[in-house]
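Inspection log for the structure reproduced underneath, given as C-alpha cells.
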Amino acid sequence: RWMTSFSYTAGPARVVFAPGAVRHLDLDVRRLGATRVLLLSGGRHAEAVEQALGPLLVARFEGAVMHTPVEVTEQAMAELRDSAADCVVALGGGSVINLGKALALRTDVPQIAVPTTYAGSEATPVLGETADGRKTTQRSPAILPEVVVYDVYLTLTLPVAMSVTSGVNALAHAVEALYSADANPITDQLALEAIRRLARGLPQIVSDPSDVSARSDVLQAAWLAGTCLGTVGMGLHHKLCHTLGGSFGMPHAETHTVVLPHVMAYNAAAAPDVMRRIAEALGVDDAPGGVHDLIVRLGGPTSLRELGMAFDDLPRAAELATAQPYPNPREVTADGVLRVLEEAWTGERPQ
Ligand code: NAD
C-alpha cells in the first residue's frame, strides 16, 4: 500500500526566509559574484530593494504581465543587453518571477527571486510562455532561480482577496502533489504541512491582513507547496487552469480557487487515502466539500460564471484540456471534464 522506493530531485536553490530579508539583498548579489543588477518589478516595494542594492542596481524593468508573452520578454532582453547586467532580481508575483525565468532560460543569467504572492513559481524549474495566443510550458535547470528571498513584510500589502486566491493556488499545488503519479514521502510531508499552514493562516489573514505571524505561515506554505509543484507532476486541476488561463484569458489565482474543489470531487473516489489525509490536515470531514467551505468562509470566488467565463465556451475548454493524455488518479474523459467545468461554472458545493 505504501511505496518504499522513490526518486527525489531537489532544486539547487538557496532560500532565505526572514522578516526584513530584502535589506540584505546586496549580500546575495555579491555571493553570486555579480555586480550589475537588472531589477524586474511590478512597482510595489521597489524602493526598499533599490535602497538595499545601492550602486549594484544598473537597470529596471516594470513591464511584466501575466502568462509571460514573448514580446514583453524581448523588451526585457533588450534592457538586460543594454545595461550589461550580470544578475536579475525579480520582485513580485508569479508574473514578474516568470519574466526573470524567461530571461534566465535565454541567457542563463543568475536570478534572485523575491516573491510577494503565494503562487510558488520561484520554487520551480518550469516556465509557461505565451506566443501567438498559445501558452506552452517547458522545464529546464536554467529556469530555477539560484536564490529565493522570502520577506514576509512584502506580503502585508497583498489585498485580502488576492491573498485568498493566491493561497488557494498554493493549496492546489499541495493537493495535486499528494495524488501525483510521482508522489513520494518527502513531497507528501511538504504538501501536508503546507495544507495545515494554509488552513490555519488564511482565515487569520482575512480577519487581520497585517497579522505577520499568519502571513508568515502562509508564505512558508507557499514555499512548501511551490516546492511540490516543482518536484512532482500535477494532474487534471493544473491542466484545466492552464487551459482556462492560456486559451480563455481567465485570471490565474481566481481560476485555481474556483476549479479546485470540483476537480477534487472528480478525483475523490480514485484517491480515497489522499482525500482522507487532506481532510485531516484541513480539520474537516470531507476534503472537496471542506475546501469549498473554506473558500466560502474566506470570501473567495466560487464560480467560473462570476469570473466571466462564457458557458458556451465550456465544451471547447473540455476538448482542449483533454487533447493530450496526462496522469491523473481518475481517468480523464472529455465528458467527465465537461461535467467538472459545468459544476465549476455554477459553483455549487461539490457532493
Ligand atoms: P501576479 O504576479 O500577476 O500578481 C497579481 C497582482 O497582484 C498584480 O497586480 C501584482 O502587481 C499584485 N501584487 C503582487 N504582490 C503584491 C503585494 N505584495 N502587494 C500588493 N500587490 C501585489 O499573480 P500571481 O498569481 O502571483 O502569478 C500568476 C502568474 O504566475 C501566471 O502567469 C502563472 O501562470 C504564473 N505561475 C507560474 C508558475 C510556474 O511554476 N511556472 C507557478 C505559479 C504561477
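FYI, nothing fancy with the C-alpha cells labels: chains A, B, ... in order, residues from 1 per chain, ligands from 1 as they appear.
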
Find the residues of region 202-259 of chain A that sit at most 10 Å from region 183-187 of chain A; for each, write down the nearest two atoms and how far apart they are in Å, to one decimal. Count only C-alpha atoms. Sort by chain, then by number going up, and give it as CSV.
residue,atom,partner,partner_atom,distance
A:Leu224,CA,A:Thr187,CA,8.5
A:Ala225,CA,A:Thr187,CA,8.6
A:Thr227,CA,A:Thr187,CA,7.9
A:Cys228,CA,A:Thr187,CA,5.6
A:Leu229,CA,A:Thr187,CA,9.2
A:Thr231,CA,A:Thr187,CA,7.7
A:Val232,CA,A:Ala183,CA,6.4
A:Gly233,CA,A:Ala183,CA,8.3
A:Met234,CA,A:Ala183,CA,9.8

Legend entry - Protein and nucleic residues near ligand 1, 7 Å, only C-alpha atoms and all ligand atoms, as number ranges by chain: A: 42, 44, 65-68, 92-96, 98, 116-122, 124-128, 154-159, 162, 166, 229-230, 252-253

Would you save the residues from that selection as a compact mmCIF listing (two decimals), in the first residue's frame, using N, CA and C atoms?
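Saved as result12.txt:
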# COMPACT_ATOMS: atom_id res chain seq x y z
N GLY A 42 6.93 44.90 -10.25
CA GLY A 42 5.62 45.41 -10.63
C GLY A 42 5.41 46.77 -9.99
N ARG A 44 5.54 47.67 -6.80
CA ARG A 44 5.40 47.51 -5.35
C ARG A 44 6.73 47.16 -4.68
N VAL A 65 3.76 41.13 -17.41
CA VAL A 65 2.32 40.87 -17.35
C VAL A 65 2.08 39.36 -17.23
N MET A 66 0.83 39.00 -16.95
CA MET A 66 0.50 37.59 -16.73
C MET A 66 0.73 36.75 -17.99
N HIS A 67 1.09 35.49 -17.79
CA HIS A 67 1.26 34.48 -18.84
C HIS A 67 2.51 34.69 -19.73
N THR A 68 3.41 35.60 -19.33
CA THR A 68 4.72 35.77 -19.96
C THR A 68 4.70 35.78 -21.49
N GLY A 92 8.15 40.39 -7.08
CA GLY A 92 6.72 40.48 -7.39
C GLY A 92 6.04 39.14 -7.33
N GLY A 93 4.87 39.05 -7.97
CA GLY A 93 4.12 37.80 -8.03
C GLY A 93 4.66 36.91 -9.14
N GLY A 94 3.90 35.88 -9.45
CA GLY A 94 4.32 34.92 -10.47
C GLY A 94 4.62 35.57 -11.81
N SER A 95 3.91 36.64 -12.14
CA SER A 95 4.11 37.27 -13.45
C SER A 95 5.52 37.83 -13.58
N VAL A 96 5.98 38.53 -12.53
CA VAL A 96 7.32 39.13 -12.57
C VAL A 96 8.39 38.03 -12.48
N ASN A 98 8.18 34.95 -13.38
CA ASN A 98 8.26 34.21 -14.64
C ASN A 98 9.06 34.97 -15.70
N THR A 116 6.17 38.01 -3.82
CA THR A 116 5.25 38.81 -2.99
C THR A 116 3.83 38.26 -3.02
N THR A 117 3.64 37.08 -3.64
CA THR A 117 2.35 36.38 -3.60
C THR A 117 2.65 34.93 -3.20
N TYR A 118 1.62 34.07 -3.28
CA TYR A 118 1.77 32.68 -2.85
C TYR A 118 1.77 31.70 -4.02
N ALA A 119 2.04 32.20 -5.24
CA ALA A 119 1.92 31.37 -6.45
C ALA A 119 2.96 30.24 -6.50
N GLY A 120 4.13 30.44 -5.90
CA GLY A 120 5.13 29.38 -5.82
C GLY A 120 6.04 29.23 -7.03
N SER A 121 5.91 30.12 -7.99
CA SER A 121 6.71 30.00 -9.21
C SER A 121 8.21 30.01 -8.94
N GLU A 122 8.63 30.77 -7.91
CA GLU A 122 10.06 30.89 -7.58
C GLU A 122 10.71 29.56 -7.24
N THR A 124 10.16 26.60 -8.77
CA THR A 124 10.05 25.60 -9.83
C THR A 124 10.98 25.88 -11.01
N PRO A 125 11.48 24.81 -11.67
CA PRO A 125 12.27 24.99 -12.89
C PRO A 125 11.37 24.97 -14.12
N VAL A 126 10.15 25.53 -13.96
CA VAL A 126 9.13 25.45 -15.01
C VAL A 126 8.77 26.86 -15.47
N LEU A 127 8.62 27.03 -16.77
CA LEU A 127 8.24 28.32 -17.32
C LEU A 127 7.12 28.15 -18.35
N GLY A 128 6.04 28.88 -18.16
CA GLY A 128 4.97 28.92 -19.16
C GLY A 128 5.10 30.23 -19.93
N LEU A 154 6.88 42.10 2.80
CA LEU A 154 6.45 42.48 1.44
C LEU A 154 5.04 41.98 1.13
N THR A 155 4.59 40.97 1.89
CA THR A 155 3.27 40.40 1.59
C THR A 155 2.14 41.11 2.33
N LEU A 156 2.50 42.01 3.26
CA LEU A 156 1.46 42.67 4.06
C LEU A 156 0.54 43.54 3.20
N THR A 157 1.03 43.97 2.04
CA THR A 157 0.23 44.83 1.17
C THR A 157 -0.62 44.04 0.19
N LEU A 158 -0.47 42.73 0.18
CA LEU A 158 -1.25 41.91 -0.75
C LEU A 158 -2.72 41.98 -0.31
N PRO A 159 -3.61 42.50 -1.17
CA PRO A 159 -5.00 42.66 -0.75
C PRO A 159 -5.61 41.33 -0.31
N MET A 162 -6.77 38.87 -3.04
CA MET A 162 -5.65 38.24 -3.75
C MET A 162 -4.93 37.25 -2.81
N SER A 166 -4.59 33.51 -4.05
CA SER A 166 -3.20 33.07 -4.21
C SER A 166 -2.90 31.94 -3.22
N LEU A 229 5.19 21.63 -6.41
CA LEU A 229 4.87 21.92 -7.82
C LEU A 229 6.09 21.71 -8.71
N GLY A 230 7.27 22.09 -8.18
CA GLY A 230 8.49 21.98 -8.98
C GLY A 230 9.07 20.57 -8.98
N HIS A 252 -5.37 33.87 -13.22
CA HIS A 252 -4.67 32.68 -12.71
C HIS A 252 -5.17 32.20 -11.33
N ALA A 253 -4.97 33.02 -10.30
CA ALA A 253 -5.24 32.57 -8.93
C ALA A 253 -6.75 32.36 -8.71

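You can rank A:Thr4, A:Thr9, A:Thr136, A:Thr107 by their closest distance to Cys87 (chain A) using only C-alpha atoms, and at the top of that list sits A:Thr107.
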
Inset, instruction - Find, counting only C-alpha atoms, the residue in A:Leu240, A:Ala321, A:Ile143, A:Leu282 that gets nearest to Ala191 (chain A). - result: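 Nearest candidate to Ala191 (chain A) out of A:Leu240, A:Ala321, A:Ile143, A:Leu282: A:Leu282.
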
Inset, instruction - Within region 223-297 of chain A, find each residue whose DSSP state, derived from the backbone, is helix (DSSP H, G or I), and express the selection as a PyMOL selection string. - result: chain A and resi 223-231+236-248+252-268+272-282+287-297

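The closest residue to Ile278 (chain A), picked from A:Arg60, A:Arg134, A:Arg81, A:Arg196 and counting only C-alpha atoms, is A:Arg196.
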
In region 17-217 of chain A, what's strand (DSSP E) per DSSP? Answer as a PDB file with N, CA and C atoms, in the first residue's frame?
ATOM      1  N   PHE A  17      14.594  32.883   4.371  1.00  0.00           N
ATOM      2  CA  PHE A  17      13.241  33.169   4.856  1.00  0.00           C
ATOM      3  C   PHE A  17      13.378  33.996   6.122  1.00  0.00           C
ATOM      4  N   VAL A  37      22.952  44.705 -11.409  1.00  0.00           N
ATOM      5  CA  VAL A  37      21.619  44.094 -11.267  1.00  0.00           C
ATOM      6  C   VAL A  37      20.584  44.769 -12.168  1.00  0.00           C
ATOM      7  N   LEU A  38      19.808  43.931 -12.852  1.00  0.00           N
ATOM      8  CA  LEU A  38      18.587  44.402 -13.506  1.00  0.00           C
ATOM      9  C   LEU A  38      17.436  44.042 -12.577  1.00  0.00           C
ATOM     10  N   LEU A  39      16.683  45.049 -12.119  1.00  0.00           N
ATOM     11  CA  LEU A  39      15.553  44.798 -11.217  1.00  0.00           C
ATOM     12  C   LEU A  39      14.261  44.716 -12.026  1.00  0.00           C
ATOM     13  N   LEU A  40      13.597  43.556 -11.938  1.00  0.00           N
ATOM     14  CA  LEU A  40      12.268  43.402 -12.525  1.00  0.00           C
ATOM     15  C   LEU A  40      11.283  43.572 -11.390  1.00  0.00           C
ATOM     16  N   SER A  41      10.275  44.420 -11.588  1.00  0.00           N
ATOM     17  CA  SER A  41       9.291  44.549 -10.515  1.00  0.00           C
ATOM     18  C   SER A  41       7.965  45.009 -11.083  1.00  0.00           C
ATOM     19  N   LEU A  57      22.587  48.355  -8.474  1.00  0.00           N
ATOM     20  CA  LEU A  57      21.438  48.431  -9.378  1.00  0.00           C
ATOM     21  C   LEU A  57      21.801  49.251 -10.617  1.00  0.00           C
ATOM     22  N   VAL A  58      21.692  48.622 -11.803  1.00  0.00           N
ATOM     23  CA  VAL A  58      22.041  49.382 -13.015  1.00  0.00           C
ATOM     24  C   VAL A  58      20.851  49.571 -13.953  1.00  0.00           C
ATOM     25  N   ALA A  59      19.761  48.810 -13.781  1.00  0.00           N
ATOM     26  CA  ALA A  59      18.610  48.983 -14.681  1.00  0.00           C
ATOM     27  C   ALA A  59      17.347  48.428 -14.042  1.00  0.00           C
ATOM     28  N   ARG A  60      16.196  48.926 -14.542  1.00  0.00           N
ATOM     29  CA  ARG A  60      14.891  48.466 -14.037  1.00  0.00           C
ATOM     30  C   ARG A  60      13.991  48.144 -15.212  1.00  0.00           C
ATOM     31  N   PHE A  61      13.076  47.199 -14.980  1.00  0.00           N
ATOM     32  CA  PHE A  61      12.045  46.910 -15.987  1.00  0.00           C
ATOM     33  C   PHE A  61      10.760  46.608 -15.239  1.00  0.00           C
ATOM     34  N   CYS A  87      23.046  39.971 -13.316  1.00  0.00           N
ATOM     35  CA  CYS A  87      22.178  39.339 -12.321  1.00  0.00           C
ATOM     36  C   CYS A  87      20.791  39.967 -12.451  1.00  0.00           C
ATOM     37  N   VAL A  88      19.761  39.146 -12.254  1.00  0.00           N
ATOM     38  CA  VAL A  88      18.396  39.658 -12.296  1.00  0.00           C
ATOM     39  C   VAL A  88      17.778  39.479 -10.920  1.00  0.00           C
ATOM     40  N   VAL A  89      17.178  40.540 -10.387  1.00  0.00           N
ATOM     41  CA  VAL A  89      16.371  40.418  -9.180  1.00  0.00           C
ATOM     42  C   VAL A  89      14.915  40.577  -9.610  1.00  0.00           C
ATOM     43  N   ALA A  90      14.105  39.545  -9.366  1.00  0.00           N
ATOM     44  CA  ALA A  90      12.691  39.589  -9.754  1.00  0.00           C
ATOM     45  C   ALA A  90      11.847  39.741  -8.503  1.00  0.00           C
ATOM     46  N   LEU A  91      11.217  40.902  -8.343  1.00  0.00           N
ATOM     47  CA  LEU A  91      10.442  41.238  -7.149  1.00  0.00           C
ATOM     48  C   LEU A  91       8.972  41.342  -7.525  1.00  0.00           C
ATOM     49  N   GLY A  92       8.148  40.386  -7.084  1.00  0.00           N
ATOM     50  CA  GLY A  92       6.721  40.480  -7.392  1.00  0.00           C
ATOM     51  C   GLY A  92       6.038  39.135  -7.331  1.00  0.00           C
ATOM     52  N   GLN A 111      19.491  34.429 -11.149  1.00  0.00           N
ATOM     53  CA  GLN A 111      18.299  35.136 -10.681  1.00  0.00           C
ATOM     54  C   GLN A 111      18.172  35.058  -9.170  1.00  0.00           C
ATOM     55  N   ILE A 112      17.739  36.195  -8.603  1.00  0.00           N
ATOM     56  CA  ILE A 112      17.286  36.205  -7.208  1.00  0.00           C
ATOM     57  C   ILE A 112      15.800  36.533  -7.261  1.00  0.00           C
ATOM     58  N   ALA A 113      14.963  35.591  -6.808  1.00  0.00           N
ATOM     59  CA  ALA A 113      13.522  35.811  -6.826  1.00  0.00           C
ATOM     60  C   ALA A 113      13.066  36.285  -5.453  1.00  0.00           C
ATOM     61  N   VAL A 114      12.255  37.335  -5.445  1.00  0.00           N
ATOM     62  CA  VAL A 114      11.705  37.867  -4.200  1.00  0.00           C
ATOM     63  C   VAL A 114      10.182  37.868  -4.345  1.00  0.00           C
ATOM     64  N   PRO A 115       9.533  36.750  -3.973  1.00  0.00           N
ATOM     65  CA  PRO A 115       8.101  36.626  -4.224  1.00  0.00           C
ATOM     66  C   PRO A 115       7.244  37.457  -3.274  1.00  0.00           C
ATOM     67  N   VAL A 126      10.148  25.531 -13.963  1.00  0.00           N
ATOM     68  CA  VAL A 126       9.134  25.452 -15.011  1.00  0.00           C
ATOM     69  C   VAL A 126       8.773  26.860 -15.472  1.00  0.00           C
ATOM     70  N   LEU A 127       8.621  27.025 -16.771  1.00  0.00           N
ATOM     71  CA  LEU A 127       8.240  28.324 -17.322  1.00  0.00           C
ATOM     72  C   LEU A 127       7.123  28.151 -18.347  1.00  0.00           C
ATOM     73  N   GLY A 128       6.043  28.881 -18.159  1.00  0.00           N
ATOM     74  CA  GLY A 128       4.973  28.924 -19.160  1.00  0.00           C
ATOM     75  C   GLY A 128       5.098  30.233 -19.928  1.00  0.00           C
ATOM     76  N   GLU A 129       5.114  30.157 -21.259  1.00  0.00           N
ATOM     77  CA  GLU A 129       5.235  31.371 -22.069  1.00  0.00           C
ATOM     78  C   GLU A 129       4.112  31.404 -23.097  1.00  0.00           C
ATOM     79  N   THR A 130       3.706  32.622 -23.478  1.00  0.00           N
ATOM     80  CA  THR A 130       2.648  32.739 -24.470  1.00  0.00           C
ATOM     81  C   THR A 130       3.189  33.366 -25.750  1.00  0.00           C
ATOM     82  N   ALA A 131       2.971  32.689 -26.866  1.00  0.00           N
ATOM     83  CA  ALA A 131       3.343  33.220 -28.178  1.00  0.00           C
ATOM     84  C   ALA A 131       2.193  32.930 -29.121  1.00  0.00           C
ATOM     85  N   ARG A 134      -0.853  31.153 -27.776  1.00  0.00           N
ATOM     86  CA  ARG A 134      -0.765  29.793 -27.230  1.00  0.00           C
ATOM     87  C   ARG A 134       0.227  29.761 -26.083  1.00  0.00           C
ATOM     88  N   LYS A 135      -0.178  29.108 -24.980  1.00  0.00           N
ATOM     89  CA  LYS A 135       0.713  29.033 -23.828  1.00  0.00           C
ATOM     90  C   LYS A 135       1.381  27.668 -23.818  1.00  0.00           C
ATOM     91  N   THR A 136       2.705  27.668 -23.809  1.00  0.00           N
ATOM     92  CA  THR A 136       3.431  26.396 -23.747  1.00  0.00           C
ATOM     93  C   THR A 136       4.346  26.417 -22.525  1.00  0.00           C
ATOM     94  N   THR A 137       4.584  25.226 -22.002  1.00  0.00           N
ATOM     95  CA  THR A 137       5.352  25.113 -20.767  1.00  0.00           C
ATOM     96  C   THR A 137       6.635  24.346 -21.026  1.00  0.00           C
ATOM     97  N   GLN A 138       7.724  24.799 -20.471  1.00  0.00           N
ATOM     98  CA  GLN A 138       8.947  23.998 -20.546  1.00  0.00           C
ATOM     99  C   GLN A 138       9.649  23.954 -19.200  1.00  0.00           C
ATOM    100  N   ARG A 139      10.539  22.980 -19.088  1.00  0.00           N
ATOM    101  CA  ARG A 139      11.219  22.697 -17.830  1.00  0.00           C
ATOM    102  C   ARG A 139      12.715  22.651 -18.133  1.00  0.00           C
ATOM    103  N   VAL A 147      18.577  31.917  -6.109  1.00  0.00           N
ATOM    104  CA  VAL A 147      18.314  32.360  -4.739  1.00  0.00           C
ATOM    105  C   VAL A 147      16.850  32.801  -4.635  1.00  0.00           C
ATOM    106  N   VAL A 148      16.200  32.425  -3.533  1.00  0.00           N
ATOM    107  CA  VAL A 148      14.848  32.923  -3.263  1.00  0.00           C
ATOM    108  C   VAL A 148      14.867  33.609  -1.906  1.00  0.00           C
ATOM    109  N   VAL A 149      14.372  34.835  -1.866  1.00  0.00           N
ATOM    110  CA  VAL A 149      14.316  35.582  -0.616  1.00  0.00           C
ATOM    111  C   VAL A 149      12.849  35.798  -0.249  1.00  0.00           C
ATOM    112  N   TYR A 150      12.416  35.165   0.835  1.00  0.00           N
ATOM    113  CA  TYR A 150      11.051  35.348   1.328  1.00  0.00           C
ATOM    114  C   TYR A 150      11.075  36.358   2.457  1.00  0.00           C
TER     115      TYR A 150
END

Legend entry - Nearest residue to Gly33 (chain A) from the set A:Glu79, A:Val109, A:Asp312, A:Glu306 (distances using only C-alpha atoms): A:Val109

Inset, instruction - Would you please work out which residue, of A:Thr35, A:Ser180, A:Thr73, A:Gln220, is nearest to Val274 (chain A) when using only C-alpha atoms? - result: A:Ser180

Taking 5 positions as the minimum chain separation for residues in the same chain, which residues sit within 9 Å of Arg106 (chain A) when counting only C-alpha atoms? Answer as a compact mmCIF listing (two decimals) with C-alpha atoms, in the first residue's frame.
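Below is the file selection_33.txt, written as the result:
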# COMPACT_ATOMS: atom_id res chain seq x y z
CA MET A 77 16.01 41.14 -23.01
CA LYS A 101 12.88 32.89 -15.59
CA ALA A 142 18.43 27.15 -16.07

Legend entry - Coordinates-based distance that separates CA of Leu144 (chain A) from CA of Gly249 (chain A) (Å, one decimal): 25.5 Å

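Picture a line from CA of Thr165 (chain A) to CA of Gly299 (chain A); it runs 9.6 Å.
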
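From CA of Tyr153 (chain A) back to CA of Leu198 (chain A), the distance works out to 17.7 Å.
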
Inset, instruction - Tell me which of A:His292, A:Arg277, A:Arg36, A:Arg23 sits closest to Arg349 (chain A), counting only C-alpha atoms. - result: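 Among A:His292, A:Arg277, A:Arg36, A:Arg23, it is A:His292 that comes nearest to Arg349 (chain A).
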